[in-house]
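K.L.:
This structure is in structure tokens; I'll ask about it shortly.
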Amino acid sequence: MKIMTNRMDLGFQKHRDEYEEAALRVLRSGWYILGKEVEAFEEEYASYHGDGFSCAGVANGLDALILGIRALGIGEGDEVIVQGNTYIASVMGASINGATPVFVEPDEHHQIDVSKIEDAITTKTKAVMVVHLYGLICDMDKVVDICRKHSLKLVEDCAQAHGAKWNGRLAGTFGDVGCFSFYPSKNIGAFGDAGACISPDPDLIRKIKVLRNYGSGKRYYNEVVGVNSRLDEMQAALLRVRMKYIDEITSERRDIAAAYDKGITNPDIIKPVQTEGGYAVYHQYVIRSSRRDELIEYLKEKEIGTIIHYPVPPHLQAAYAYLGHHKGDYPICEKYADEVLSIPMYNGMTKEEQDYVIDALNNF
Ligand SMILES: *Cc1c(COP(=O)(O)O)cnc(C)c1O
């Protein structure tokens with residue numbers, strides 16, 4: 001049985017008529033950038049997160065982070081605390097604004113180790129960024145307390161965590177700004193690039209809307225130097241369809257994760273564990289093994305696809321050589337980079353496919 005790590009076609013096929021209808025509606029409308037669909041999506045996405053939230057659609061998840069951080073006034077000379085085992089986009093969201101990323105080791109749940117955040121705070125620290133990596137979530141109450149105590153902004157990188165919750169409250173609603181990606185492989189995926197910021201502060205969202213469109217609030221009047229990071233009507237219309245099914249998407253992924261949790265019993269494999277109090281959405285199901293590279297080859301022979309999220313931690317990337325970090329600086333990040341492996345996890349994965357993966361892992 002051939003099993004890929006992800007299948008992006010199945011979600012489309014399941015609700016094909018609705019997606020096609022939305023796409024045709026946009027094609028026939030004669031209006032393609034920042035229009036009715038984007039406005040409707042922004043309203044719907046904000047209200048999904050609760051009363052009092054506002055939303056700005058942007059071109060992708062990285063831009064959501066860049067513009068969210070920029071709108072908070074964070075830049076040159078400032079430090080942003082972020083977990084060291086994240087995807088590079090979290091780090092670039094800070095550094096592209098001129099801010100310095102300060103890494104913190106992850107805990108055994110792959111999330112920022114909350115007990116180590118305060119040690120990383122300096123007089124230059126302006127914000128803490130929490131990533132909700134793999135769709136899991138850390139103790140957000142503790143993070144909120146730390147940010148309050150030290151007057152720091154809280155940025156949530158929710159690219160992997162649409163619909164995840166901490167004590168019943170949605171990811172993205174704890175901080176000053178929640179930044180989302182709708183890259184096609186994300187739990188809520190568009191059919192191209194797309195992203196969004198949400199915030200309880202309407203002024204911040206207004207700033208992001210100005211920044212995303214050349215710094216203009218009113219057409220051809222430019223308040224600040226901005227960028228072109230507009231969400232298009234096609235992606236917004238398709239995302240409105242995808243969002244109708246967020247609960248279905250999440251519960252299916254949680255069922256697959258539960259089947260893996262129960263079925264995988266090989267002692268050489270460490271399974272992901274959500275901290276109690278969290279409601280994980282399993283963007284990825286990430287196992288760990290000290291024999292990871294051998295495991296990849298073994299699974300490849302069985303035609304089971306896997307991916308490493310991520311093989312090189314940001315502090316050892318060439319892009320961040322200027323920060324002056326060395327191998328050994330963040331041993332947990334480095335250990336995880338050598339041990340993590342994402343196994344197949346996608347909406348539409350059959351029971352037979354799940355069992356095949358489980359059996360293969362148990363026979364390793
Ligand atoms: C995907 C992702 C992003 C960036 O999203 P893009 O839409 O690809 O720019 C940011 N942070 C994390 C954690 C991601 O997984």
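Residue numbering restarts at 1 for every chain of the structure tokens, chains are lettered A, B, ... in their displayed order, and ligands are numbered from 1 as they appear.
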May I have the residues within 10 Å of A:Glu223 as a PyMOL selection string, using only C-alpha atoms and disregarding those fewer than 2 positions away in the same chain?
P.N.:
chain A and resi 207+210-211+214-218+220-221+225-226
K.L.:
Give me the residues of chain A that have any atom at most 9 Å from an atom of ligand 1; for each, the nearest atom pair and the distance in Å, rounded to one decimal. Use only C-alpha atoms and all ligand atoms, sort by chain and number, and format it as a Markdown table.
P.N.:
```
| residue | atom | partner | partner_atom_place_in_ligand_line | distance |
| --- | --- | --- | --- | --- |
| A:Ala59 | CA | ligand 1 | 7 (O) | 7.7 |
| A:Asn60 | CA | ligand 1 | 7 (O) | 4.0 |
| A:Gly61 | CA | ligand 1 | 7 (O) | 3.5 |
| A:Leu62 | CA | ligand 1 | 9 (O) | 3.8 |
| A:Asp63 | CA | ligand 1 | 9 (O) | 6.5 |
| A:Ala64 | CA | ligand 1 | 9 (O) | 7.9 |
| A:Leu65 | CA | ligand 1 | 10 (C) | 7.4 |
| A:Thr86 | CA | ligand 1 | 13 (C) | 6.1 |
| A:Tyr87 | CA | ligand 1 | 13 (C) | 5.0 |
| A:Ile88 | CA | ligand 1 | 11 (N) | 7.2 |
| A:Ala89 | CA | ligand 1 | 10 (C) | 4.5 |
| A:Ser90 | CA | ligand 1 | 11 (N) | 4.9 |
| A:Val91 | CA | ligand 1 | 11 (N) | 8.5 |
| A:Met92 | CA | ligand 1 | 10 (C) | 9.0 |
| A:Gly93 | CA | ligand 1 | 10 (C) | 8.1 |
| A:Val131 | CA | ligand 1 | 13 (C) | 5.9 |
| A:His132 | CA | ligand 1 | 13 (C) | 7.5 |
| A:Leu133 | CA | ligand 1 | 13 (C) | 6.1 |
| A:Tyr134 | CA | ligand 1 | 15 (O) | 7.8 |
| A:Asp157 | CA | ligand 1 | 11 (N) | 5.8 |
| A:Cys158 | CA | ligand 1 | 13 (C) | 6.8 |
| A:Ala159 | CA | ligand 1 | 14 (C) | 4.7 |
| A:Gln160 | CA | ligand 1 | 15 (O) | 5.3 |
| A:Ala161 | CA | ligand 1 | 13 (C) | 8.7 |
| A:Cys179 | CA | ligand 1 | 10 (C) | 8.1 |
| A:Phe180 | CA | ligand 1 | 5 (O) | 7.2 |
| A:Ser181 | CA | ligand 1 | 7 (O) | 4.2 |
| A:Phe182 | CA | ligand 1 | 7 (O) | 5.8 |
| A:Tyr183 | CA | ligand 1 | 7 (O) | 4.6 |
| A:Pro184 | CA | ligand 1 | 7 (O) | 8.4 |
| A:Ser185 | CA | ligand 1 | 1 (C) | 8.3 |
| A:Lys186 | CA | ligand 1 | 1 (C) | 7.0 |
| A:Asp193 | CA | ligand 1 | 7 (O) | 5.9 |
| A:Ala194 | CA | ligand 1 | 7 (O) | 6.0 |
| A:Gly195 | CA | ligand 1 | 7 (O) | 5.9 |
| A:His283 | CA | ligand 1 | 15 (O) | 8.9 |
```
K.L.:
Give the strand (DSSP E) residues of stretch 33-233 of chain A, as DSSP finds them on the backbone, and put them as a VMD selection string.
P.N.:
chain A and resid 54 to 58 79 to 83 100 to 104 125 to 130 153 to 157 165 to 166 169 to 170 177 to 181 195 to 199 216 to 218 221 to 222
K.L.:
Set the distance at 9 Å and use only C-alpha atoms: which residues neighbour A:Pro106 once local chain neighbours fewer than 5 positions away are removed? I'd like the list as a list in words.
P.N.:
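Once the nearby chain positions are removed, what remains is Gln83, Gly84, Asn85, Gln111, Ile112, Asp113, Val114, Lys116, Ile332 and Cys333 of chain A.
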K.L.:
So, counting only C-alpha atoms, which residue among A:Gly135, A:Arg206, A:Gln317, A:Ala99 is closest to A:Ala56?
P.N.:
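For A:Ala56, the nearest of the given residues is A:Arg206.
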K.L.:
Could you state the separation of atom CA of A:Asp176 and atom CA of A:Val312 in Å, given to one decimal place?
P.N.:
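Atom CA of A:Asp176 sits 29.2 Å away from atom CA of A:Val312.
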K.L.:
If you take only C-alpha atoms and a cut-off of 8 Å, which residues of stretch 154-197 of chain A touch stretch 262-282 of chain A, and what are their nearest atom pairs and distances in Å to one decimal, in chain and number order, as a Markdown table?
P.N.:
```
| residue | atom | partner | partner_atom | distance |
| --- | --- | --- | --- | --- |
| A:Ala161 | CA | A:Val281 | CA | 6.3 |
| A:His162 | CA | A:Val281 | CA | 7.3 |
| A:Gly163 | CA | A:Val281 | CA | 6.8 |
| A:Ala164 | CA | A:Ala280 | CA | 5.3 |
| A:Lys165 | CA | A:Tyr279 | CA | 4.8 |
| A:Trp166 | CA | A:Gly278 | CA | 4.4 |
| A:Asn167 | CA | A:Gly277 | CA | 5.1 |
| A:Gly168 | CA | A:Tyr279 | CA | 7.6 |
```
K.L.:
Can you list, as a PyMOL selection string, all residues belonging to stretch 96-166 of chain A that DSSP tags as alpha helix (DSSP H)?
P.N.:
chain A and resi 140-149
K.L.:
Which residues are near A:Gly328? Cut-off 12 Å, only C-alpha atoms, ignore same chain within fewer than 3 positions. Put them as a PyMOL selection string.
P.N.:
chain A and resi 105+313+315-316+325+331-335
K.L.:
Would you save the residues of that selection, restricted to N, CA and C atoms, as a tab-separated table (two decimals), in the first residue's frame?
P.N.:
```tsv
chain	number	residue	atom	x	y	z
A	105	GLU	N	14.40	26.81	24.38
A	105	GLU	CA	14.28	25.37	24.11
A	105	GLU	C	12.82	24.91	24.21
A	313	PRO	N	17.59	23.20	12.94
A	313	PRO	CA	16.94	24.25	13.73
A	313	PRO	C	17.40	25.64	13.28
A	315	HIS	N	18.61	28.22	14.63
A	315	HIS	CA	19.86	28.82	15.12
A	315	HIS	C	21.08	28.26	14.39
A	316	LEU	N	20.91	27.14	13.66
A	316	LEU	CA	22.04	26.58	12.89
A	316	LEU	C	21.89	26.79	11.39
A	325	HIS	N	25.31	31.82	16.73
A	325	HIS	CA	25.07	30.58	17.49
A	325	HIS	C	25.91	29.43	16.95
A	331	PRO	N	20.74	22.34	22.85
A	331	PRO	CA	20.84	20.88	22.67
A	331	PRO	C	19.49	20.17	22.46
A	332	ILE	N	18.44	20.67	23.08
A	332	ILE	CA	17.14	19.98	22.91
A	332	ILE	C	16.62	20.19	21.48
A	333	CYS	N	16.74	21.41	20.99
A	333	CYS	CA	16.35	21.68	19.60
A	333	CYS	C	17.13	20.77	18.65
A	334	GLU	N	18.42	20.65	18.93
A	334	GLU	CA	19.29	19.87	18.03
A	334	GLU	C	18.96	18.38	18.11
A	335	LYS	N	18.67	17.92	19.31
A	335	LYS	CA	18.28	16.51	19.50
A	335	LYS	C	16.97	16.23	18.75
```
K.L.:
Could you check the closest approach to A:Leu154 for each of A:Val80, A:Ala120, A:Val224, A:Met243 and tell me which residue wins, using only C-alpha atoms?
P.N.:
A:Val80
K.L.:
Which of these, A:Gly324, A:Gly175, A:Pro311, A:Gly57, has the shortest distance to A:Asn213 once you count only C-alpha atoms?
P.N.:
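Of the candidates, the smallest distance to A:Asn213 is held by A:Gly57.
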K.L.:
May I ask which of the residues A:Ile256, A:Ala94, A:Ala190, A:Leu341 is the closest one to A:Arg291, counting only C-alpha atoms?
P.N.:
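Using only C-alpha atoms, the shortest distance to A:Arg291 belongs to A:Leu341.
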K.L.:
When you count only C-alpha atoms, which of these residues is closest to A:Asp203: A:Phe364, A:Phe53, A:Trp31, A:Phe103?
P.N.:
A:Phe53
K.L.:
Hey, what's within 12 Å of A:Glu42 if we count only C-alpha atoms and toss same-chain stuff fewer than 4 positions away? As a ChimeraX atom specification, please?
P.N.:
/A:34-38,46-49,53-58,195-199,205,209,231-233,235-237,239-240,243
